[in-house]
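Pasting structure.pdb here (PDB, C-alpha atoms):
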MODEL        1
ATOM      1  CA  VAL A  77     -10.802   6.928  -8.581
ATOM      2  CA  LYS A  78      -8.346   9.380  -7.013
ATOM      3  CA  MET A  79      -5.065   7.983  -8.328
ATOM      4  CA  ILE A  80      -3.729   5.092 -10.414
ATOM      5  CA  GLU A  81      -1.042   2.698  -9.176
ATOM      6  CA  ILE A  82       0.644   0.229 -11.524
ATOM      7  CA  LYS A  83       1.640  -2.816  -9.511
ATOM      8  CA  LEU A  84       4.987  -4.181 -10.672
ATOM      9  CA  SER A  85       5.491  -6.370  -7.611
ATOM     10  CA  GLN A  86       4.672  -6.586  -3.914
ATOM     11  CA  GLY A  87       6.844  -7.275  -0.911
ATOM     12  CA  ALA A  88       5.083 -10.494   0.041
ATOM     13  CA  LYS A  89       5.847 -12.188  -3.273
ATOM     14  CA  PRO A  90       8.075 -10.151  -5.634
ATOM     15  CA  ALA A  91       8.071 -11.399  -9.257
ATOM     16  CA  HIS A  92       5.342 -13.911  -8.448
ATOM     17  CA  GLY A  93       1.861 -13.844  -9.896
ATOM     18  CA  GLY A  94      -1.299 -15.146  -8.334
ATOM     19  CA  ILE A  95      -4.619 -16.867  -8.902
ATOM     20  CA  LEU A  96      -8.085 -15.665  -8.009
ATOM     21  CA  PRO A  97      -9.876 -18.979  -7.371
ATOM     22  CA  ALA A  98     -13.167 -19.486  -9.155
ATOM     23  CA  ALA A  99     -14.838 -20.016  -5.772
ATOM     24  CA  LYS A 100     -14.111 -16.393  -4.820
ATOM     25  CA  ILE A 101     -15.453 -14.842  -8.042
ATOM     26  CA  THR A 102     -18.808 -13.104  -7.682
ATOM     27  CA  PRO A 103     -20.850 -11.497 -10.501
ATOM     28  CA  LEU A 104     -19.564  -8.079  -9.377
ATOM     29  CA  ILE A 105     -15.925  -9.222  -9.522
ATOM     30  CA  ALA A 106     -16.502 -10.936 -12.857
ATOM     31  CA  GLU A 107     -17.932  -7.751 -14.333
ATOM     32  CA  ALA A 108     -15.035  -5.618 -13.056
ATOM     33  CA  ARG A 109     -12.392  -8.016 -14.385
ATOM     34  CA  GLY A 110     -14.145  -8.959 -17.622
ATOM     35  CA  LEU A 111     -14.457 -12.645 -16.760
ATOM     36  CA  GLY A 112     -17.691 -13.301 -18.595
ATOM     37  CA  SER A 113     -20.645 -15.340 -17.355
ATOM     38  CA  PRO A 114     -20.708 -18.311 -14.988
ATOM     39  CA  PRO A 115     -19.514 -20.965 -14.550
ATOM     40  CA  TYR A 116     -16.334 -19.044 -13.696
ATOM     41  CA  GLN A 117     -12.813 -20.368 -14.065
ATOM     42  CA  ASP A 118      -9.752 -19.562 -11.954
ATOM     43  CA  CYS A 119      -8.464 -16.120 -12.944
ATOM     44  CA  ASN A 120      -4.693 -15.969 -13.433
ATOM     45  CA  SER A 121      -2.773 -12.827 -12.500
ATOM     46  CA  PRO A 122       0.617 -13.182 -14.221
ATOM     47  CA  PRO A 123       3.763 -11.567 -12.750
ATOM     48  CA  ARG A 124       4.134  -9.230 -15.737
ATOM     49  CA  HIS A 125       2.081  -6.723 -17.715
ATOM     50  CA  SER A 126       0.968  -6.989 -21.326
ATOM     51  CA  ALA A 127       0.951  -3.186 -21.831
ATOM     52  CA  PHE A 128       4.734  -2.769 -21.442
ATOM     53  CA  SER A 129       7.908  -4.835 -21.194
ATOM     54  CA  THR A 130      10.750  -2.287 -20.991
ATOM     55  CA  PRO A 131      11.560   0.739 -18.790
ATOM     56  CA  GLU A 132      10.812   3.081 -21.690
ATOM     57  CA  GLU A 133       7.412   1.480 -22.317
ATOM     58  CA  LEU A 134       6.535   1.732 -18.638
ATOM     59  CA  MET A 135       7.146   5.489 -18.683
ATOM     60  CA  LEU A 136       5.118   5.847 -21.882
ATOM     61  CA  PHE A 137       2.331   3.858 -20.228
ATOM     62  CA  VAL A 138       2.451   6.178 -17.201
ATOM     63  CA  GLY A 139       2.048   9.135 -19.549
ATOM     64  CA  LYS A 140      -0.806   7.441 -21.403
ATOM     65  CA  LEU A 141      -2.703   6.657 -18.202
ATOM     66  CA  ARG A 142      -2.255  10.241 -17.000
ATOM     67  CA  GLU A 143      -3.636  11.530 -20.298
ATOM     68  CA  MET A 144      -6.584   9.103 -20.348
ATOM     69  CA  SER A 145      -7.504   9.873 -16.725
ATOM     70  CA  ASP A 146      -7.528  13.638 -17.237
ATOM     71  CA  GLY A 147      -4.405  14.222 -15.193
ATOM     72  CA  LYS A 148      -4.967  11.971 -12.182
ATOM     73  CA  PRO A 149      -1.758  11.046 -10.301
ATOM     74  CA  VAL A 150      -0.152   7.927 -11.782
ATOM     75  CA  GLY A 151       2.650   5.900 -10.248
ATOM     76  CA  PHE A 152       3.908   2.391  -9.670
ATOM     77  CA  LYS A 153       4.523   0.049  -6.762
ATOM     78  CA  PHE A 154       7.389  -2.411  -6.473
ATOM     79  CA  CYS A 155       9.672  -4.256  -4.093
ATOM     80  CA  VAL A 156      13.321  -3.531  -4.884
ATOM     81  CA  GLY A 157      15.181  -6.472  -6.370
ATOM     82  CA  ASP A 158      18.113  -5.696  -8.666
ATOM     83  CA  PRO A 159      19.112  -2.046  -7.965
ATOM     84  CA  ALA A 160      20.376  -1.665 -11.545
ATOM     85  CA  GLU A 161      16.847  -2.307 -12.795
ATOM     86  CA  PHE A 162      15.541   0.654 -10.801
ATOM     87  CA  ALA A 163      18.448   2.685 -12.195
ATOM     88  CA  ALA A 164      17.209   1.706 -15.677
ATOM     89  CA  LEU A 165      13.793   3.120 -14.779
ATOM     90  CA  CYS A 166      15.440   6.385 -13.710
ATOM     91  CA  HIS A 167      17.288   6.548 -17.028
ATOM     92  CA  ALA A 168      13.946   6.052 -18.787
ATOM     93  CA  MET A 169      12.404   8.922 -16.810
ATOM     94  CA  ILE A 170      15.228  11.250 -17.802
ATOM     95  CA  ASP A 171      15.253  10.183 -21.454
ATOM     96  CA  THR A 172      11.466  10.283 -22.026
ATOM     97  CA  GLY A 173      10.819  13.317 -19.829
ATOM     98  CA  ILE A 174       7.986  11.357 -18.178
ATOM     99  CA  THR A 175       8.092  10.816 -14.433
ATOM    100  CA  PRO A 176       5.528   9.050 -12.256
ATOM    101  CA  ASP A 177       3.741  11.221  -9.731
ATOM    102  CA  PHE A 178       4.626   8.706  -7.028
ATOM    103  CA  ILE A 179       6.579   5.518  -6.423
ATOM    104  CA  THR A 180       5.457   3.072  -3.745
ATOM    105  CA  VAL A 181       8.389   1.149  -2.258
ATOM    106  CA  ASP A 182       7.140  -2.085  -0.706
ATOM    107  CA  GLY A 183       9.500  -3.886   1.664
ATOM    108  CA  SER A 184      10.041  -7.624   1.624
ATOM    109  CA  GLU A 185       8.530  -7.670   5.136
ATOM    110  CA  GLY A 186       5.114  -7.552   3.484
ATOM    111  CA  GLY A 187       2.977 -10.616   4.010
ATOM    112  CA  THR A 188      -0.164 -12.324   2.823
ATOM    113  CA  GLY A 189      -1.650 -15.755   3.382
ATOM    114  CA  ALA A 190      -1.786 -16.089  -0.403
ATOM    115  CA  ALA A 191       2.011 -15.929  -0.931
ATOM    116  CA  PRO A 192       4.489 -18.835  -1.057
ATOM    117  CA  PRO A 193       6.551 -18.935   2.183
ATOM    118  CA  GLU A 194       9.843 -18.990   0.254
ATOM    119  CA  PHE A 195       8.946 -15.716  -1.458
ATOM    120  CA  GLN A 196       7.816 -14.098   1.793
ATOM    121  CA  ASP A 197      11.005 -15.120   3.561
ATOM    122  CA  ALA A 198      13.754 -14.841   0.968
ATOM    123  CA  VAL A 199      12.902 -12.642  -2.032
ATOM    124  CA  GLY A 200      13.138  -8.849  -2.317
ATOM    125  CA  MET A 201      14.850  -6.066  -0.387
ATOM    126  CA  PRO A 202      13.652  -5.030   3.090
ATOM    127  CA  LEU A 203      11.923  -1.664   3.313
ATOM    128  CA  GLN A 204      14.671   0.310   5.045
ATOM    129  CA  GLU A 205      17.353  -0.605   2.492
ATOM    130  CA  GLY A 206      14.981  -0.403  -0.487
ATOM    131  CA  LEU A 207      13.640   2.976   0.581
ATOM    132  CA  VAL A 208      17.097   4.501   1.112
ATOM    133  CA  LEU A 209      18.217   3.158  -2.263
ATOM    134  CA  VAL A 210      15.213   4.568  -4.169
ATOM    135  CA  ASP A 211      15.366   7.911  -2.364
ATOM    136  CA  GLY A 212      19.121   8.220  -2.969
ATOM    137  CA  MET A 213      19.006   7.218  -6.618
ATOM    138  CA  LEU A 214      16.219   9.719  -7.323
ATOM    139  CA  ILE A 215      18.261  12.428  -5.578
ATOM    140  CA  GLY A 216      21.376  11.532  -7.554
ATOM    141  CA  ALA A 217      19.373  11.655 -10.795
ATOM    142  CA  ASN A 218      17.794  15.046  -9.957
ATOM    143  CA  LEU A 219      14.332  13.469  -9.971
ATOM    144  CA  ARG A 220      13.456  13.474  -6.273
ATOM    145  CA  ASP A 221      11.561  16.790  -6.209
ATOM    146  CA  LYS A 222       9.250  15.543  -8.982
ATOM    147  CA  ILE A 223       8.227  12.263  -7.339
ATOM    148  CA  THR A 224       6.441  11.480  -4.078
ATOM    149  CA  ILE A 225       7.761   8.380  -2.316
ATOM    150  CA  ILE A 226       5.236   6.152  -0.550
ATOM    151  CA  ALA A 227       6.608   3.393   1.687
ATOM    152  CA  SER A 228       5.056   0.221   3.057
ATOM    153  CA  GLY A 229       6.330  -2.790   4.976
ATOM    154  CA  LYS A 230       5.451  -3.415   8.634
ATOM    155  CA  VAL A 231       4.591   0.216   9.353
ATOM    156  CA  TYR A 232       2.457  -0.582  12.376
ATOM    157  CA  ASN A 233       3.079   1.950  15.172
ATOM    158  CA  GLY A 234       4.163   5.508  15.811
ATOM    159  CA  PHE A 235       7.897   4.799  15.814
ATOM    160  CA  SER A 236       7.894   2.718  12.628
ATOM    161  CA  LEU A 237       6.012   5.589  10.979
ATOM    162  CA  VAL A 238       8.560   8.175  12.153
ATOM    163  CA  ARG A 239      11.516   5.942  11.222
ATOM    164  CA  THR A 240      10.170   5.413   7.697
ATOM    165  CA  LEU A 241       9.712   9.155   7.201
ATOM    166  CA  ALA A 242      13.266   9.703   8.449
ATOM    167  CA  LEU A 243      14.625   7.335   5.801
ATOM    168  CA  GLY A 244      13.085   9.288   2.947
ATOM    169  CA  ALA A 245       9.377   8.486   2.658
ATOM    170  CA  ASP A 246       6.832  11.236   2.092
ATOM    171  CA  ILE A 247       3.836   9.005   2.871
ATOM    172  CA  CYS A 248       3.483   5.669   4.665
ATOM    173  CA  ASN A 249       1.041   2.912   3.784
ATOM    174  CA  ALA A 250      -0.084   0.368   6.362
ATOM    175  CA  ALA A 251      -1.828  -2.904   5.558
ATOM    176  CA  ARG A 252      -1.011  -5.605   8.109
ATOM    177  CA  SER A 253      -1.765  -3.440  11.143
ATOM    178  CA  MET A 254      -5.022  -2.220   9.638
ATOM    179  CA  MET A 255      -5.987  -5.822   8.935
ATOM    180  CA  PHE A 256      -5.370  -6.647  12.580
ATOM    181  CA  ALA A 257      -7.556  -3.718  13.611
ATOM    182  CA  LEU A 258     -10.203  -5.087  11.277
ATOM    183  CA  GLY A 259     -10.037  -8.482  12.962
ATOM    184  CA  CYS A 260      -7.486 -10.557  11.009
ATOM    185  CA  ILE A 261      -6.090 -13.458  13.064
ATOM    186  CA  GLN A 262      -3.532 -14.603  10.458
ATOM    187  CA  ALA A 263      -5.359 -17.828   9.744
ATOM    188  CA  LEU A 264      -3.446 -17.935   6.414
ATOM    189  CA  ARG A 265      -6.618 -18.846   4.548
ATOM    190  CA  CYS A 266      -6.698 -15.766   2.307
ATOM    191  CA  ASN A 267      -6.762 -17.730  -0.931
ATOM    192  CA  SER A 268      -9.198 -20.425   0.178
ATOM    193  CA  ASN A 269     -12.468 -18.448   0.426
ATOM    194  CA  ASP A 270     -12.765 -19.851   3.958
ATOM    195  CA  CYS A 271     -11.300 -16.962   5.997
ATOM    196  CA  PRO A 272     -12.842 -17.486   9.455
ATOM    197  CA  THR A 273     -12.996 -13.741  10.183
ATOM    198  CA  GLY A 274     -14.853 -12.977   6.935
ATOM    199  CA  ILE A 275     -12.241 -10.542   5.659
ATOM    200  CA  THR A 276     -10.958 -12.411   2.582
ATOM    201  CA  THR A 277     -13.984 -14.498   1.686
ATOM    202  CA  GLN A 278     -17.025 -13.992  -0.484
ATOM    203  CA  LYS A 279     -19.131 -16.525   1.437
ATOM    204  CA  PRO A 280     -22.117 -14.656   2.935
ATOM    205  CA  GLU A 281     -22.154 -16.800   6.081
ATOM    206  CA  LEU A 282     -18.556 -15.730   6.825
ATOM    207  CA  SER A 283     -18.412 -12.201   5.438
ATOM    208  CA  SER A 284     -21.525 -11.296   7.443
ATOM    209  CA  SER A 285     -19.254 -11.046  10.508
ATOM    210  CA  LEU A 286     -17.784  -7.849   9.044
ATOM    211  CA  ASP A 287     -20.061  -5.371  10.757
ATOM    212  CA  VAL A 288     -19.178  -2.161   8.922
ATOM    213  CA  ASP A 289     -20.203   0.240  11.684
ATOM    214  CA  HIS A 290     -18.232  -1.624  14.339
ATOM    215  CA  LYS A 291     -15.166  -2.562  12.280
ATOM    216  CA  SER A 292     -14.782   0.875  10.693
ATOM    217  CA  LEU A 293     -14.653   2.414  14.176
ATOM    218  CA  ARG A 294     -11.902  -0.001  15.234
ATOM    219  CA  VAL A 295      -9.815   0.839  12.160
ATOM    220  CA  TYR A 296     -10.425   4.575  12.676
ATOM    221  CA  ASN A 297      -9.371   4.391  16.323
ATOM    222  CA  PHE A 298      -6.190   2.488  15.451
ATOM    223  CA  GLN A 299      -5.266   4.969  12.716
ATOM    224  CA  LYS A 300      -5.932   7.940  14.998
ATOM    225  CA  ALA A 301      -3.906   6.475  17.883
ATOM    226  CA  THR A 302      -0.975   5.561  15.624
ATOM    227  CA  VAL A 303      -0.754   9.049  14.104
ATOM    228  CA  HIS A 304      -1.063  10.587  17.581
ATOM    229  CA  ALA A 305       1.846   8.456  18.829
ATOM    230  CA  ALA A 306       3.979   9.534  15.845
ATOM    231  CA  LYS A 307       3.195  13.189  16.522
ATOM    232  CA  GLU A 308       4.195  12.795  20.168
ATOM    233  CA  LEU A 309       7.549  11.304  19.127
ATOM    234  CA  LEU A 310       8.160  14.155  16.687
ATOM    235  CA  GLY A 311       7.299  16.671  19.384
ATOM    236  CA  ALA A 312       9.635  14.969  21.850
ATOM    237  CA  ALA A 313      12.440  15.441  19.324
ATOM    238  CA  GLY A 314      11.599  19.132  18.964
ATOM    239  CA  LEU A 315      10.260  18.734  15.426
ATOM    240  CA  ARG A 316       7.196  20.349  13.892
ATOM    241  CA  SER A 317       6.313  17.774  11.234
ATOM    242  CA  GLY A 318       7.305  14.479   9.665
ATOM    243  CA  GLN A 319       9.180  16.422   6.974
ATOM    244  CA  ASP A 320      11.711  17.530   9.580
ATOM    245  CA  VAL A 321      12.814  14.122  10.865
ATOM    246  CA  THR A 322      16.067  12.663   9.502
ATOM    247  CA  PRO A 323      18.206   9.590  10.270
ATOM    248  CA  SER A 324      20.347  11.804  12.507
ATOM    249  CA  HIS A 325      17.446  11.902  15.007
ATOM    250  CA  ILE A 326      17.391   8.129  15.536
ATOM    251  CA  PHE A 327      19.799   5.861  17.395
ATOM    252  CA  TYR A 328      19.666   2.084  17.380
ATOM    253  CA  ARG A 329      21.482  -0.663  19.226
ATOM    254  CA  VAL A 330      23.999  -2.846  17.401
ATOM    255  CA  GLU A 331      24.817  -6.375  18.601
ATOM    256  CA  GLY A 332      23.261  -5.675  21.987
ATOM    257  CA  ARG A 333      26.092  -3.497  23.300
ATOM    258  CA  SER A 334      26.898  -0.532  21.067
ATOM    259  CA  VAL A 335      24.676   2.315  19.868
ATOM    260  CA  ARG A 336      24.844   3.923  16.447
ATOM    261  CA  LEU A 337      23.080   6.726  14.631
ATOM    262  CA  MET A 338      20.727   5.458  11.953
ATOM    263  CA  GLU A 339      22.372   8.041   9.714
ATOM    264  CA  ASP A 340      25.690   6.220  10.109
ATOM    265  CA  GLY A 341      24.136   2.790   9.803
ATOM    266  CA  LYS A 342      22.677   3.565   6.414
ATOM    267  CA  SER A 343      25.859   5.289   5.174
ATOM    268  CA  THR A 344      27.429   1.949   4.314
ATOM    269  CA  SER A 345      29.228   1.169   1.096
ATOM    270  CA  TYR A 346      25.863   0.476  -0.542
ATOM    271  CA  PHE A 347      23.228   2.767   0.978
ATOM    272  CA  HIS A 348      23.677   6.470   1.468
ATOM    273  CA  ARG A 349      22.169   9.721   0.257
ATOM    274  CA  PRO A 350      24.222  11.156  -2.640
ATOM    275  CA  LYS A 351      24.378  14.799  -3.640
ATOM    276  CA  ALA A 352      21.629  16.072  -5.931
ATOM    277  CA  GLY A 353      22.431  15.359  -9.570
ATOM    278  CA  SER A 354      25.699  13.621  -8.760
ATOM    279  CA  LEU A 355      24.831  10.561 -10.845
ATOM    280  CA  LEU A 356      24.424  12.606 -14.021
ATOM    281  CA  THR A 357      28.151  13.207 -14.689
ATOM    282  CA  ASP A 358      31.171  10.930 -14.913
ATOM    283  CA  GLU A 359      32.894  13.035 -12.270
ATOM    284  CA  GLY A 360      29.935  12.715  -9.926
ATOM    285  CA  ILE A 361      29.743   8.950 -10.404
ATOM    286  CA  SER A 362      33.433   8.442  -9.713
ATOM    287  CA  ALA A 363      33.222  10.643  -6.606
ATOM    288  CA  GLN A 364      30.366   8.658  -5.029
ATOM    289  CA  ARG A 365      30.899   7.635  -1.436
ATOM    290  CA  SER A 366      29.364   4.345  -2.540
ATOM    291  CA  PRO A 367      31.227   2.933  -5.580
ATOM    292  CA  GLN A 368      28.524   0.284  -5.835
ATOM    293  CA  LEU A 369      25.827   2.939  -6.299
ATOM    294  CA  GLY A 370      27.769   4.345  -9.238
ATOM    295  CA  ARG A 371      28.178   0.876 -10.747
ATOM    296  CA  TRP A 372      24.441   0.194 -10.396
ATOM    297  CA  TRP A 373      23.718   3.500 -12.123
ATOM    298  CA  VAL A 374      26.019   2.747 -15.053
ATOM    299  CA  GLU A 375      24.663  -0.801 -15.362
ATOM    300  CA  GLY A 376      21.129   0.566 -15.320
ATOM    301  CA  GLY A 377      21.981   2.890 -18.181
ATOM    302  CA  LYS A 378      23.206  -0.067 -20.220
ATOM    303  CA  LYS A 379      20.035  -2.027 -19.444
ATOM    304  CA  TYR A 380      17.896   0.902 -20.526
ATOM    305  CA  ASN A 381      19.801   1.585 -23.750
ATOM    306  CA  SER A 382      19.690  -2.086 -24.738
ATOM    307  CA  THR A 383      15.884  -2.120 -24.701
ATOM    308  CA  LYS A 384      14.756   1.368 -25.696
ATOM    309  CA  ARG A 385      13.116   2.087 -29.037
ATOM    310  CA  GLY A 386      13.369   5.871 -28.871
ATOM    311  CA  ASP A 387      10.346   6.525 -31.082
ATOM    312  CA  GLY A 388       7.771   7.156 -28.339
ATOM    313  CA  TYR A 389       5.644   4.251 -29.631
ATOM    314  CA  LEU A 390       3.543   2.208 -27.208
ATOM    315  CA  ALA A 391       1.509  -0.682 -28.570
ATOM    316  CA  LEU A 392      -1.761  -1.024 -26.644
TER     317      LEU A 392
ENDMDL
END
This structure in structure tokens:
Amino acid sequence: VKMIEIKLSQGAKPAHGGILPAAKITPLIAEARGLGSPPYQDCNSPPRHSAFSTPEELMLFVGKLREMSDGKPVGFKFCVGDPAEFAALCHAMIDTGITPDFITVDGSEGGTGAAPPEFQDAVGMPLQEGLVLVDGMLIGANLRDKITIIASGKVYNGFSLVRTLALGADICNAARSMMFALGCIQALRCNSNDCPTGITTQKPELSSSLDVDHKSLRVYNFQKATVHAAKELLGAAGLRSGQDVTPSHIFYRVEGRSVRLMEDGKSTSYFHRPKAGSLLTDEGISAQRSPQLGRWWVEGGKKYNSTKRGDGYLAL
């Protein structure tokens, strides 16, 4: 174990739990998840955690996991929903003095054959908007230099990698594209134990098609080619690393006829990069280029204060 990620939600189905069907449970899985002896029953994965229920408790849980793991990096993953709720988490970080080592922002573009179509299509914030919001709110709260931002959501080629770094990510995760490199054909049978490519099944007659030596080479080649393409794009822009790219380096077409800087496109009334620490004073909040960002911050503070205990107690 190199790091610990607390999953609050995922882009494919934010605020929705899941079920591990009994047919997919093997003795190894049962041992890892504490499911007892066969015959196995369906294993429910609820959309909430039993270890915490408030922003303050989440931060205390982060601190507890870091302590119990001898200092391993601890963070959480989520798909942005209500921006004020993320603001409440930022207030909890400031108040408790506990910050996650990383936050993984998952865009609503994420997909899985085990998610309801309505949740895949209509719930959660897309990666670009969610990433800019999280990055900006952390900057405004003077927390950005303490937290690494990981981003995921259809990062599948060199340009999408560069674009995501430009919008504030430090690291990019890729799942869908790696699954394709592995052999996924989007049969949408992930939850059935009948995946025809053998990727999401425990049936030996199907999973035997996953030749590790061959498939690992395909995934390696895809990863290597994608990173190489991103480096070529950075070089073409005269940049030395992904840390140097910003929205001012990227143009995009609007309505088929006009061209706009990505920097301008994201500087709307909702999404822009505030000045460091500007959300920590009344003057800074009132001077925000985005009044809505200031309102989300204030609302988040109210949400946090209405649920905090303030005694540092975490019932586990």
Quiz item: Looking at only C-alpha atoms, which of A:His167, A:Lys307, A:Leu293, A:Val150 is the one that sits closest to Ala217 in chain A?
Solution: A:His167
Quiz item: Using only C-alpha atoms, which residue out of A:Asn233, A:Ser317, A:Ser284, A:Ser334 lies closest to Ala251 in chain A?
Solution: A:Asn233
Exercise. Determine the residue membership of the PyMOL selection byres ((chain A and resi 370) around 10) for the file above and supply it as a ChimeraX atom specification.
Key: /A:160,163,213,216,346,354-355,358,360-369,371-376
Quiz item: Neighbours of Gly318 in chain A within 9 Å (all atoms listed in the file; same-chain residues fewer than 6 positions away dropped), as an MDAnalysis selection string?
Solution: chainID A and resid 238 241:242 246 306:307 310
Kindly save the residues from that selection, with C-alpha atoms included, as a tab-separated table (two decimals), in the frame of the given file.
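See again.tsv below for the written result:
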chain	number	residue	atom	x	y	z
A	238	VAL	CA	8.56	8.18	12.15
A	241	LEU	CA	9.71	9.15	7.20
A	242	ALA	CA	13.27	9.70	8.45
A	246	ASP	CA	6.83	11.24	2.09
A	306	ALA	CA	3.98	9.53	15.84
A	307	LYS	CA	3.20	13.19	16.52
A	310	LEU	CA	8.16	14.16	16.69
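The nearest approach to Phe195 in chain A among the residues A:Ser85, A:Ser121, A:Gln319, A:Asn381, with all atoms listed in the file taken into account, belongs to A:Ser85.
Here CA of Ile101 in chain A stands at a distance of 22.1 Å from CA of Gln86 in chain A.
Between CA of Met135 in chain A and CA of Leu96 in chain A the interatomic distance comes to 28.2 Å.
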